[in-house]
Structure formats: C-alpha cells, structure tokens
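To start, the structure under review is shown below, and the notes come after it.
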Amino acid sequence: MGKQYHIALDKNDIEGAEYAVLPGDPGRVAEIALSLDPKAKELAFHREYRSFLAKVENHPILVCSTGIGGPAVAICMEELASIGIHYFLRAGTTGAIAPHI
C-alpha cells in the first residue's frame with residue numbers, strides 16, 4: 001500500500017510506530033513532537049494533516065493533526081490505522097458554542 005491520500009504517509013514513514021498523539025491544530029504538532037523528542041522530524045504536511053515522528057525511549061511515536069470536526073478526525077484515524085497505528089491519544093481542547101453546554 002502506498003501513501004495515504006490525505007495524511008501523505010505510508011507504513012515506511014512511521015518506522016513501526018503504533019502510537020499516535022492527535023492534536024487538532026497543525027500548528028501544535030511541532031511543539032508536541034519536539035517536547036517528546038528534541039530530534040523529532042517532520043514527515044508530511046498535506047491539507048490539515050501535519051505529522052512529525054518522535055522517539056520516546058527509542059520507541060517511535062507519531063504526532064499528527066486531525067483538523068476540525070468529526071469527519072476530518074475519522075479520515076485521519078482510518079488512514080493512520082491502515083498504515084499500522086493501533087493506539088490514539090487525542091490532545092487538545094473541546095468546547096461548545098451554546099453557553100449551557
């Protein structure tokens with residue numbers, strides 16, 4: 001299987017990573033990845049999907065933005081799962097427009 005269309009990654013890019021940290025905003029990806037590993041490297045940036053690969057105690061960890069909304073998150077997770085990611089950790093904020101929620 002080649003590069004996934006939206007995330008622009010394939011199985012070789014993630015170097016055996018099974019874990020992904022998923023912030024929504026692509027602007028947060030580098031900061032998160034570099035806090036895990038000062039030598040983290042950017043892998044791809046296509047549309048709202050930006051990714052870095054970090055190593056934590058020599059284990060590869062992918063950090064990939066999901067963009068906004070459920071459909072964008074679903075696309076990201078489905079494509080990541082198809083290249084070998086098994087565990088997902090959402091990192092970010094949540095909120096609502098309605099003040100009573």
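Identifiers for the structure tokens are assigned positionally: chains receive A, B, ... in sequence, residues are indexed from 1 per chain, and ligands are indexed from 1 in the order shown.
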Which residues are close to range 68-73 of chain A, i.e. within 8 Å by only C-alpha atoms, leaving aside same-chain residues fewer than 2 positions away? Reply as a ChimeraX atom specification. /A:24-25,66,75-77
For the structure I just gave you, how does DSSP split range 4-96 of chain A - specifically, which residues are strand (DSSP E or B)? Reply as a ChimeraX atom specification. /A:19-23,41-46,49-56,59-64,87-91
Expressed in Å to a single decimal, how great is the separation between CA of Thr93 in chain A and CA of Glu57 in chain A? 27.2 Å
Could you pull out the alpha helix (DSSP H) residues of range 38-76 of chain A from DSSP and send them as a ChimeraX atom specification? /A:70-76
For Asp37 in chain A: contacts at 6 Å, only C-alpha atoms, fewer than 2 positions along chain excluded, given as a PyMOL selection string: chain A and resi 34-35+39-40+54-55
Across A:His46, A:Ala8, A:Leu36, A:His86, the smallest distance to Ala20 in chain A, with only C-alpha atoms counted, is shown by A:His86
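Minimum distance to Tyr49 in chain A across A:Ala91, A:Ile7, A:Ile97, A:Val29 (counting only C-alpha atoms) occurs at A:Ile7.
Compared by their closest atoms to Thr94 in chain A, and using only C-alpha atoms, the residues A:Glu18, A:Leu9, A:Ile61, A:Pro23 rank with A:Pro23 nearest.
The space separating CA of Arg47 in chain A from CA of Gly67 in chain A comes to 8.6 Å.
Using only C-alpha atoms, the shortest contact distance between Asp13 in chain A and any of A:Val56, A:Ile85, A:Ala96, A:Ala33 is found at A:Ile85.
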Of the candidates A:His6, A:Lys11, A:Arg28, A:Arg90, which shows the shortest atom-to-atom distance to Glu48 in chain A, using only C-alpha atoms? A:His6
Give the answer as one residue: which of A:Pro99, A:Pro38, A:Arg50, A:Val63 has the shortest atom-to-atom distance to Val21 in chain A, using only C-alpha atoms? A:Val63
For Phe52 in chain A, list every protein, DNA or RNA residue within 6 Å, evaluated using only C-alpha atoms, and leave out those in the same chain fewer than 5 positions away; present the list as a PyMOL selection string. chain A and resi 41-43+62-63
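Between CA of Gly2 in chain A and CA of Phe88 in chain A the interatomic distance comes to 21.6 Å.
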